[in-house]
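The structure file model.txt is reproduced below (compact mmCIF, C-alpha atoms and all ligand atoms).
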```
# COMPACT_ATOMS: atom_id res chain seq x y z
CA MET C 12 -41.77 -29.43 55.15
CA PHE C 13 -38.84 -31.50 56.33
CA PRO C 14 -37.95 -34.02 54.99
CA VAL C 15 -39.06 -33.59 51.39
CA HIS C 16 -37.76 -36.99 50.42
CA ARG C 17 -39.43 -39.86 52.17
CA PRO C 18 -38.53 -43.17 50.50
CA ARG C 19 -40.84 -44.88 52.98
CA ARG C 20 -43.82 -43.59 50.92
CA LEU C 21 -43.18 -46.33 48.40
CA ARG C 22 -42.98 -49.02 51.07
CA ARG C 23 -46.29 -48.38 52.82
CA ASN C 24 -48.07 -51.52 51.73
CA GLU C 25 -47.55 -54.65 49.67
CA VAL C 26 -49.36 -53.25 46.63
CA ILE C 27 -47.00 -50.34 46.14
CA ARG C 28 -43.99 -52.44 47.16
CA SER C 29 -44.79 -54.96 44.46
CA MET C 30 -45.30 -52.16 41.91
CA VAL C 31 -41.79 -50.76 42.44
CA ARG C 32 -40.03 -54.10 42.99
CA GLU C 33 -36.94 -54.26 40.79
CA THR C 34 -36.26 -57.99 40.82
CA VAL C 35 -38.92 -60.68 40.71
CA LEU C 36 -38.16 -64.39 40.87
CA SER C 37 -39.96 -66.92 38.73
CA PRO C 38 -39.68 -70.72 38.49
CA ASP C 39 -38.44 -70.01 34.94
CA ASP C 40 -35.19 -68.78 36.44
CA PHE C 41 -34.26 -72.15 37.88
CA ILE C 42 -32.29 -75.19 36.79
CA TYR C 43 -32.61 -78.14 39.16
CA PRO C 44 -29.61 -80.51 39.64
CA LEU C 45 -30.29 -84.27 39.67
CA PHE C 46 -27.94 -87.11 40.65
CA VAL C 47 -28.34 -90.21 38.50
CA THR C 48 -27.08 -93.53 39.77
CA TYR C 49 -27.14 -97.15 38.53
CA GLY C 50 -29.58 -99.86 39.52
CA LYS C 51 -33.35 -99.85 39.77
CA GLY C 52 -35.71 -98.44 42.35
CA VAL C 53 -32.83 -96.58 44.02
CA LYS C 54 -33.63 -93.33 45.82
CA ARG C 55 -31.01 -92.54 48.48
CA GLU C 56 -31.12 -89.26 50.34
CA ILE C 57 -27.78 -87.46 50.50
CA PRO C 58 -27.14 -87.01 54.24
CA SER C 59 -25.63 -83.52 54.02
CA MET C 60 -28.24 -82.37 51.47
CA PRO C 61 -31.69 -83.12 52.92
CA GLY C 62 -34.32 -83.32 50.18
CA CYS C 63 -31.73 -84.26 47.50
CA PHE C 64 -31.25 -87.83 46.34
CA GLN C 65 -29.11 -90.21 44.34
CA GLU C 66 -31.68 -91.80 42.04
CA SER C 67 -31.70 -94.56 39.46
CA VAL C 68 -33.14 -93.74 36.03
CA ASP C 69 -36.67 -95.02 36.84
CA GLU C 70 -36.81 -92.78 39.92
CA ILE C 71 -35.30 -89.84 38.01
CA LEU C 72 -38.30 -90.02 35.68
CA LYS C 73 -40.70 -89.48 38.56
CA SER C 74 -38.62 -86.54 39.74
CA ALA C 75 -38.56 -85.13 36.23
CA GLN C 76 -42.37 -85.17 36.08
CA GLU C 77 -42.62 -83.42 39.43
CA ILE C 78 -40.04 -80.77 38.48
CA SER C 79 -41.80 -80.07 35.22
CA SER C 80 -45.20 -79.83 36.91
CA LEU C 81 -43.78 -77.20 39.28
CA GLY C 82 -42.98 -75.03 36.25
CA ILE C 83 -39.21 -75.50 36.47
CA PRO C 84 -38.02 -75.57 32.86
CA ALA C 85 -34.70 -77.39 33.15
CA VAL C 86 -32.57 -79.93 34.97
CA ILE C 87 -28.83 -80.53 35.01
CA LEU C 88 -27.72 -84.14 35.35
CA PHE C 89 -24.74 -85.52 37.26
CA GLY C 90 -23.80 -89.20 37.05
CA ILE C 91 -22.66 -91.69 39.66
CA PRO C 92 -21.40 -94.66 37.64
CA GLU C 93 -21.13 -98.24 38.83
CA ASN C 94 -17.43 -98.37 38.03
CA LYS C 95 -14.80 -95.67 38.13
CA ASP C 96 -11.39 -95.96 36.43
CA GLU C 97 -8.26 -93.93 35.69
CA LYS C 98 -9.67 -92.44 32.49
CA GLY C 99 -13.28 -92.02 33.58
CA SER C 100 -14.53 -94.31 30.77
CA ALA C 101 -18.06 -94.41 32.19
CA ALA C 102 -18.36 -90.72 31.31
CA TYR C 103 -18.39 -91.44 27.55
CA ASP C 104 -20.08 -94.84 27.62
CA ASN C 105 -23.16 -94.63 25.38
CA ASP C 106 -24.91 -96.91 27.85
CA GLY C 107 -23.84 -94.84 30.87
CA VAL C 108 -26.17 -93.63 33.63
CA VAL C 109 -26.43 -90.07 32.31
CA GLN C 110 -26.88 -91.17 28.69
CA ASN C 111 -29.72 -93.48 29.76
CA ALA C 112 -31.30 -90.79 31.90
CA ILE C 113 -31.24 -88.29 29.02
CA ARG C 114 -32.99 -90.75 26.69
CA SER C 115 -35.65 -91.65 29.25
CA ILE C 116 -36.41 -88.07 30.26
CA LYS C 117 -36.63 -86.86 26.65
CA ASP C 118 -38.96 -89.80 25.90
CA THR C 119 -41.34 -89.23 28.80
CA VAL C 120 -41.11 -85.51 29.69
CA PRO C 121 -40.01 -84.03 26.34
CA ASN C 122 -40.64 -80.44 27.41
CA LEU C 123 -38.20 -80.63 30.28
CA TYR C 124 -34.94 -79.08 29.03
CA VAL C 125 -32.05 -81.42 29.81
CA ILE C 126 -28.59 -80.05 30.49
CA THR C 127 -25.64 -82.26 31.43
CA ASP C 128 -22.54 -81.54 33.45
CA ILE C 129 -19.48 -82.42 31.39
CA CYS C 130 -16.63 -83.49 33.67
CA LEU C 131 -14.59 -86.56 34.53
CA CYS C 132 -14.38 -86.25 38.33
CA GLU C 133 -17.49 -88.32 38.99
CA TYR C 134 -16.08 -91.08 36.79
CA THR C 135 -12.37 -91.24 37.65
CA SER C 136 -11.02 -93.52 40.38
CA HIS C 137 -8.73 -90.69 41.58
CA GLY C 138 -11.54 -88.12 41.63
CA HIS C 139 -9.76 -85.47 39.54
CA CYS C 140 -11.48 -83.68 36.66
CA GLY C 141 -8.90 -84.86 34.12
CA VAL C 142 -6.49 -87.68 33.36
CA ILE C 143 -3.34 -87.98 35.46
CA GLU C 144 0.11 -87.94 33.87
CA LYS C 145 3.28 -87.75 35.94
CA GLY C 146 1.26 -87.13 39.08
CA ASP C 147 -0.47 -84.09 37.59
CA VAL C 148 -3.81 -83.39 35.88
CA ALA C 149 -2.90 -83.30 32.17
CA ASN C 150 -4.77 -80.63 30.24
CA ASP C 151 -4.70 -81.54 26.56
CA PRO C 152 -5.27 -85.31 26.81
CA THR C 153 -8.32 -84.51 28.97
CA LEU C 154 -9.92 -82.35 26.26
CA GLU C 155 -10.39 -85.31 23.96
CA LEU C 156 -12.26 -87.25 26.66
CA LEU C 157 -14.48 -84.30 27.56
CA ALA C 158 -15.36 -83.89 23.90
CA LYS C 159 -16.22 -87.60 23.68
CA GLU C 160 -18.44 -87.26 26.76
CA ALA C 161 -20.29 -84.27 25.25
CA VAL C 162 -20.80 -86.07 21.93
CA SER C 163 -22.18 -89.16 23.66
CA HIS C 164 -24.67 -86.97 25.54
CA ALA C 165 -25.60 -85.31 22.26
CA TYR C 166 -26.35 -88.68 20.67
CA ALA C 167 -28.54 -89.51 23.67
CA GLY C 168 -30.57 -86.34 22.99
CA VAL C 169 -29.27 -83.74 25.44
CA ASP C 170 -30.46 -80.14 24.96
CA MET C 171 -27.36 -78.34 26.31
CA VAL C 172 -23.96 -79.30 27.69
CA ALA C 173 -22.18 -77.63 30.60
CA PRO C 174 -18.44 -78.30 30.99
CA SER C 175 -17.35 -77.89 34.63
CA ASP C 176 -13.77 -79.18 34.57
CA MET C 177 -11.90 -75.85 34.07
CA MET C 178 -9.30 -77.30 31.65
CA ASP C 179 -7.92 -74.74 29.20
CA GLY C 180 -9.35 -74.93 25.69
CA ARG C 181 -12.25 -77.24 26.54
CA ILE C 182 -14.99 -75.04 25.12
CA GLU C 183 -13.36 -74.99 21.70
CA ALA C 184 -12.59 -78.71 21.80
CA ILE C 185 -16.21 -79.54 22.69
CA ARG C 186 -17.64 -77.06 20.14
CA ILE C 187 -15.58 -78.55 17.32
CA ALA C 188 -16.46 -82.12 18.31
CA LEU C 189 -20.19 -81.35 18.51
CA ASP C 190 -20.17 -79.51 15.18
CA ASP C 191 -18.24 -82.32 13.48
CA GLU C 192 -20.89 -84.81 14.56
CA GLY C 193 -23.76 -82.63 13.33
CA PHE C 194 -24.76 -81.08 16.67
CA ALA C 195 -24.16 -77.43 15.84
CA GLU C 196 -27.49 -76.50 17.44
CA ILE C 197 -26.55 -77.69 20.95
CA PRO C 198 -25.46 -74.75 23.12
CA ILE C 199 -22.58 -74.79 25.60
CA MET C 200 -22.97 -73.31 29.06
CA SER C 201 -19.46 -72.92 30.40
CA TYR C 202 -18.62 -73.08 34.08
CA ALA C 203 -16.29 -70.22 33.14
CA ALA C 204 -15.55 -68.65 36.52
CA LYS C 205 -15.45 -71.67 38.78
CA TYR C 206 -13.60 -71.18 42.04
CA ALA C 207 -11.72 -73.78 44.10
CA SER C 208 -14.29 -73.69 46.88
CA ALA C 209 -15.01 -75.43 50.16
CA PHE C 210 -18.69 -74.90 49.35
CA TYR C 211 -18.58 -78.02 47.10
CA GLY C 212 -18.07 -80.37 50.08
CA PRO C 213 -21.58 -81.87 50.24
CA PHE C 214 -21.68 -82.36 46.44
CA ARG C 215 -18.49 -84.41 46.56
CA GLU C 216 -20.14 -86.63 49.13
CA ALA C 217 -23.20 -86.84 46.86
CA VAL C 218 -21.23 -88.07 43.83
CA GLU C 219 -18.31 -89.60 45.68
CA SER C 220 -15.85 -87.42 43.77
CA ALA C 221 -13.48 -86.01 46.40
CA PRO C 222 -9.95 -86.07 44.92
CA GLN C 223 -7.91 -88.99 46.30
CA PHE C 224 -4.75 -86.85 46.38
CA GLY C 225 -4.08 -83.13 46.18
CA ASP C 226 -6.89 -80.70 45.43
CA ARG C 227 -8.40 -78.81 42.49
CA ARG C 228 -6.41 -75.59 42.85
CA THR C 229 -4.32 -76.16 39.72
CA TYR C 230 -7.44 -75.91 37.57
CA GLN C 231 -10.17 -74.12 39.54
CA MET C 232 -9.79 -70.41 40.29
CA ASP C 233 -8.34 -68.81 43.40
CA PRO C 234 -11.18 -67.30 45.50
CA SER C 235 -9.05 -64.18 45.94
CA ASN C 236 -9.22 -63.26 42.26
CA ARG C 237 -11.77 -60.97 40.63
CA ARG C 238 -10.20 -59.68 37.41
CA GLU C 239 -9.17 -63.19 36.42
CA ALA C 240 -12.86 -64.05 36.03
CA ILE C 241 -13.09 -61.52 33.19
CA ARG C 242 -10.16 -63.20 31.47
CA GLU C 243 -11.58 -66.70 31.88
CA VAL C 244 -14.95 -65.59 30.51
CA THR C 245 -13.39 -63.68 27.61
CA LEU C 246 -11.51 -66.81 26.56
CA ASP C 247 -14.57 -69.03 26.85
CA ILE C 248 -16.70 -66.66 24.77
CA GLU C 249 -13.97 -66.54 22.12
CA GLU C 250 -13.98 -70.34 22.12
CA GLY C 251 -17.74 -70.45 21.57
CA ALA C 252 -19.52 -70.47 24.94
CA ASP C 253 -23.20 -69.48 24.67
CA ILE C 254 -23.77 -68.93 28.40
CA VAL C 255 -21.15 -68.40 31.10
CA MET C 256 -21.47 -69.41 34.73
CA VAL C 257 -20.16 -68.19 38.05
CA LYS C 258 -19.76 -70.79 40.76
CA PRO C 259 -20.38 -70.72 43.71
CA ALA C 260 -22.95 -67.92 43.80
CA LEU C 261 -23.24 -66.29 47.20
CA SER C 262 -19.63 -65.52 48.04
CA TYR C 263 -19.19 -64.44 44.42
CA LEU C 264 -22.00 -61.94 43.81
CA ASP C 265 -19.38 -59.33 42.86
CA ILE C 266 -18.19 -61.63 40.08
CA ILE C 267 -21.75 -62.14 38.79
CA SER C 268 -22.23 -58.39 38.78
CA ASP C 269 -18.93 -57.75 36.97
CA LEU C 270 -19.74 -60.28 34.27
CA LYS C 271 -23.23 -58.92 33.77
CA ALA C 272 -21.76 -55.45 33.20
CA SER C 273 -18.94 -56.64 30.95
CA PHE C 274 -20.56 -59.19 28.62
CA ASP C 275 -23.67 -59.40 26.51
CA ILE C 276 -24.39 -63.11 26.78
CA PRO C 277 -26.57 -64.71 29.50
CA ILE C 278 -24.97 -65.21 32.90
CA ALA C 279 -25.72 -68.26 35.03
CA ALA C 280 -24.92 -68.72 38.71
CA TYR C 281 -24.58 -72.01 40.59
CA ASN C 282 -25.99 -71.83 44.11
CA VAL C 283 -23.92 -74.82 45.20
CA SER C 284 -24.30 -77.70 47.64
CA GLY C 285 -22.59 -76.07 50.64
CA GLU C 286 -24.79 -73.00 50.28
CA TYR C 287 -27.80 -75.31 50.39
CA SER C 288 -26.58 -77.41 53.30
CA LEU C 289 -25.89 -74.39 55.50
CA VAL C 290 -29.46 -73.18 55.13
CA LYS C 291 -31.00 -76.64 55.59
CA ALA C 292 -28.90 -77.30 58.71
CA ALA C 293 -29.75 -73.97 60.32
CA GLY C 294 -33.39 -74.49 59.34
CA ARG C 295 -33.46 -77.85 61.10
CA LEU C 296 -32.00 -76.29 64.21
CA GLY C 297 -34.71 -73.64 64.10
CA TRP C 298 -32.09 -70.90 63.99
CA ILE C 299 -33.40 -69.15 60.86
CA ASP C 300 -36.63 -68.77 58.90
CA GLU C 301 -35.74 -71.20 56.13
CA LYS C 302 -38.37 -70.12 53.62
CA LYS C 303 -37.55 -66.42 53.89
CA LEU C 304 -33.83 -67.12 53.74
CA ILE C 305 -34.18 -69.22 50.59
CA MET C 306 -36.12 -66.52 48.79
CA GLU C 307 -33.72 -63.78 49.92
CA ILE C 308 -30.72 -65.78 48.72
CA LEU C 309 -32.26 -66.51 45.33
CA VAL C 310 -33.42 -62.94 44.73
CA SER C 311 -29.95 -61.65 45.65
CA ILE C 312 -28.36 -63.90 43.04
CA LYS C 313 -30.79 -62.65 40.40
CA ARG C 314 -30.39 -59.02 41.51
CA ALA C 315 -26.60 -59.36 41.16
CA GLY C 316 -27.16 -60.20 37.49
CA ALA C 317 -27.79 -63.91 37.07
CA ASP C 318 -30.17 -64.76 34.22
CA LEU C 319 -30.25 -68.45 35.17
CA ILE C 320 -29.85 -69.96 38.63
CA LEU C 321 -28.78 -73.55 39.22
CA THR C 322 -30.12 -74.38 42.65
CA TYR C 323 -31.11 -77.28 44.89
CA PHE C 324 -33.76 -74.91 46.27
CA ALA C 325 -35.61 -74.86 42.92
CA LYS C 326 -38.47 -77.11 44.02
CA ASP C 327 -38.90 -75.39 47.41
CA ALA C 328 -38.81 -71.96 45.77
CA ALA C 329 -41.20 -72.91 42.95
CA ARG C 330 -43.70 -74.11 45.56
CA PHE C 331 -43.36 -70.89 47.52
CA LEU C 332 -43.85 -68.85 44.34
CA HIS C 333 -46.98 -70.77 43.33
CA ARG C 334 -48.64 -70.10 46.67
C1 LIG B 1 -17.72 -81.30 38.87
C2 LIG B 1 -18.63 -80.40 39.61
C3 LIG B 1 -18.58 -80.00 40.96
C4 LIG B 1 -19.76 -79.29 41.18
C5 LIG B 1 -20.46 -79.23 39.98
N1 LIG B 1 -19.73 -79.92 39.02
C6 LIG B 1 -17.64 -80.31 42.05
C7 LIG B 1 -16.24 -79.92 42.02
O1 LIG B 1 -15.77 -79.17 41.16
O2 LIG B 1 -15.53 -80.41 42.90
C8 LIG B 1 -20.20 -78.70 42.49
C9 LIG B 1 -21.67 -78.54 42.68
C10 LIG B 1 -22.10 -78.25 44.06
O3 LIG B 1 -21.29 -78.15 45.02
O4 LIG B 1 -23.31 -78.12 44.23
N2 LIG B 1 -16.51 -80.81 38.55
```

Final structure tokens representation of the file:
Amino acid sequence: MFPVHRPRRLRRNEVIRSMVRETVLSPDDFIYPLFVTYGKGVKREIPSMPGCFQESVDEILKSAQEISSLGIPAVILFGIPENKDEKGSAAYDNDGVVQNAIRSIKDTVPNLYVITDICLCEYTSHGHCGVIEKGDVANDPTLELLAKEAVSHAYAGVDMVAPSDMMDGRIEAIRIALDDEGFAEIPIMSYAAKYASAFYGPFREAVESAPQFGDRRTYQMDPSNRREAIREVTLDIEEGADIVMVKPALSYLDIISDLKASFDIPIAAYNVSGEYSLVKAAGRLGWIDEKKLIMEILVSIKRAGADLILTYFAKDAARFLHR
């Protein structure tokens, strides 16, 4: 009888579809980003990221409880300091917003795994991810400051650090600094293949970190490059990265897939702010089915090879999955 092969047989109903499903999402896959600011009782919605907030430490604690109760295992913290300066000193201030948030979360919701973004751009007056010398972002002097930032988070009790600056040699510099201070057990998740992307626009509004001059193309990768991601990741693994990340996620699924095939350490993907805003905006306009789109996006990132997904959709998706 023609045709012998009828793939539709395995799609006839939800029972058989779920039995042959290759990729299944779980709240365990997600890491939820939080924006910590100074003050008390502050919870300000970020206009271009509906449902995401700048929150002071007391409010972050409430969010942390909620995130944990949804079965999301981890958060990544970004800081918005009261004062920014040339050298981003608030980034390595032991009494800084992120340091205080780490201590409070680990005190009250100890099972929530706390990761921190290691970068200077949220803390520098010029908005670049490193210190400026002769009008340019200086690589090596920046490494020392990033290492100081990581160590100060470690003293506050962080579970994992995630450097996002894309300076050369930062993984090794941070690894050595952590080990020297007795924090050999803290893993490093490297933003290893981080592209110079317009998808970060809403995030820069969220943390007020848009560069005051120039752009990030001298340190972040060119979106046109695929093989270069392999080189960046190879270097970061040699320097001691425990997990490597691709960022953004959706326009870079080929990169996630390449890395999964080429390396044997876990791969993370950052489903970034612009990817979130597009969906939320279209959802508000009623132009798409927001819930279905969110789940399709997240499953595609996992299917491409991501073991961990950093996403602003984590709470929405966890709720959908629990239903
Ligand atoms: C800091 C950093 C950025 C993001 C994460 N860490 C912004 C940037 O590189 O300009 C972007 C996150 C997002 O867009 O959701 N370097």

Select from chain C every residue with an atom at most 7 Å from any atom of ligand LIG 1 (chain B), then for each give the shortest pair of atoms and their distance in Å to one decimal, using all atoms listed in the file, rows by chain and rising number, as JSON lines.
```
{"residue": "C:Asp128", "atom": "CA", "partner": "B:LIG1", "partner_atom": "N1", "distance": 6.4}
{"residue": "C:Cys130", "atom": "CA", "partner": "B:LIG1", "partner_atom": "N2", "distance": 5.6}
{"residue": "C:Cys132", "atom": "CA", "partner": "B:LIG1", "partner_atom": "N2", "distance": 5.8}
{"residue": "C:Cys140", "atom": "CA", "partner": "B:LIG1", "partner_atom": "N2", "distance": 6.1}
{"residue": "C:Ser175", "atom": "CA", "partner": "B:LIG1", "partner_atom": "N2", "distance": 5.0}
{"residue": "C:Asp176", "atom": "CA", "partner": "B:LIG1", "partner_atom": "N2", "distance": 5.1}
{"residue": "C:Phe210", "atom": "CA", "partner": "B:LIG1", "partner_atom": "O3", "distance": 6.0}
{"residue": "C:Tyr211", "atom": "CA", "partner": "B:LIG1", "partner_atom": "O3", "distance": 3.4}
{"residue": "C:Gly212", "atom": "CA", "partner": "B:LIG1", "partner_atom": "O3", "distance": 6.4}
{"residue": "C:Pro213", "atom": "CA", "partner": "B:LIG1", "partner_atom": "O3", "distance": 6.4}
{"residue": "C:Phe214", "atom": "CA", "partner": "B:LIG1", "partner_atom": "O3", "distance": 4.5}
{"residue": "C:Arg215", "atom": "CA", "partner": "B:LIG1", "partner_atom": "C6", "distance": 6.2}
{"residue": "C:Ala221", "atom": "CA", "partner": "B:LIG1", "partner_atom": "O2", "distance": 6.9}
{"residue": "C:Asn282", "atom": "CA", "partner": "B:LIG1", "partner_atom": "O4", "distance": 6.8}
{"residue": "C:Val283", "atom": "CA", "partner": "B:LIG1", "partner_atom": "O4", "distance": 3.5}
{"residue": "C:Ser284", "atom": "CA", "partner": "B:LIG1", "partner_atom": "O4", "distance": 3.6}
{"residue": "C:Gly285", "atom": "CA", "partner": "B:LIG1", "partner_atom": "O3", "distance": 6.1}
```

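With all atoms listed in the file as the atoms that count, the minimum distance from Tyr323 in chain C to the choices C:Trp298, C:Tyr43, C:Tyr49, C:Phe13 is reached by C:Tyr43.
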
- [ ] Please determine the residues with any atom at most 12 Å from (-19.0, -55.5, 33.8) (coordinates as given in the file, with all atoms listed in the file counting) and report them as a ChimeraX atom specification.
- [x] /C:237-238,240-242,244-245,265-276,278,315-316

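One distance worth recording is that between CA of Lys73 in chain C and CA of Ile312 in chain C, which is 28.8 Å.
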
Task: Interatomic distance, CA of Pro198 in chain C to CA of Gly138 in chain C (Å, one decimal) - done: 26.7 Å

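Pairwise distance (CA of Gln223 in chain C, CA of Tyr263 in chain C) equals 27.1 Å.
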
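Nearest-residue note for Ala279 in chain C: choosing from C:Leu72, C:Glu77, C:Ile42, C:Ala328, the minimum distance belongs to C:Ile42, counting only C-alpha atoms.
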
- [ ] Write out as JSON, numbers by chain each polymer residue whose atoms come within 6 Å of Val255 in chain C, counting all atoms listed in the file; drop sequence neighbours fewer than 6 positions from it.
- [x] {"C": [200, 201, 203, 278]}

Open item on the list: Residues within 9 Å of Glu196 in chain C, please, as an MDAnalysis selection string. Count all atoms listed in the file; anything in the same chain fewer than 5 positions from it doesn't count.
Closed with: chainID C and resid 170 189:190

- [ ] Check the smallest atom-to-atom distance from each of C:His16, C:Ala217, C:Gly168, C:Ala158 to Ile91 in chain C using all atoms listed in the file, then report the winner.
- [x] C:Ala217

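Closest approach to Ser100 in chain C among C:Ser208, C:Thr153, C:Ser311, C:Thr34: C:Thr153, based on only C-alpha atoms.
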
Determine the axis-aligned bounding box of all atoms of range 189-193 of chain C present in the file, pad each side by 3 Å, and express its centre and edge lengths in Å to one decimal place as JSON.
```
{"center_x": -21.0, "center_y": -82.2, "center_z": 15.9, "size_x": 11.5, "size_y": 11.3, "size_z": 11.2}
```

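With only C-alpha atoms as the atoms that count, the minimum distance from Pro152 in chain C to the choices C:Lys98, C:Asp118, C:Arg227, C:Ala165 is reached by C:Lys98.
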
Show me that you can extract range 134-149 of chain C, keeping C-alpha atoms, and write it as a PDB file, in the first residue's frame.
```pdb
ATOM      1  CA  TYR C 134      29.031  50.729  37.171  1.00  0.00           C
ATOM      2  CA  THR C 135      31.098  52.975  34.891  1.00  0.00           C
ATOM      3  CA  SER C 136      30.095  56.564  34.140  1.00  0.00           C
ATOM      4  CA  HIS C 137      31.005  56.030  30.452  1.00  0.00           C
ATOM      5  CA  GLY C 138      29.041  52.775  30.197  1.00  0.00           C
ATOM      6  CA  HIS C 139      31.863  50.662  28.756  1.00  0.00           C
ATOM      7  CA  CYS C 140      32.689  47.199  30.096  1.00  0.00           C
ATOM      8  CA  GLY C 141      36.263  48.169  30.965  1.00  0.00           C
ATOM      9  CA  VAL C 142      38.433  51.104  31.992  1.00  0.00           C
ATOM     10  CA  ILE C 143      39.223  53.756  29.393  1.00  0.00           C
ATOM     11  CA  GLU C 144      42.811  54.637  28.501  1.00  0.00           C
ATOM     12  CA  LYS C 145      43.657  56.910  25.589  1.00  0.00           C
ATOM     13  CA  GLY C 146      40.055  56.891  24.447  1.00  0.00           C
ATOM     14  CA  ASP C 147      39.947  53.104  24.198  1.00  0.00           C
ATOM     15  CA  VAL C 148      38.759  50.233  26.426  1.00  0.00           C
ATOM     16  CA  ALA C 149      41.991  48.937  27.984  1.00  0.00           C
TER      17      ALA C 149
END
```
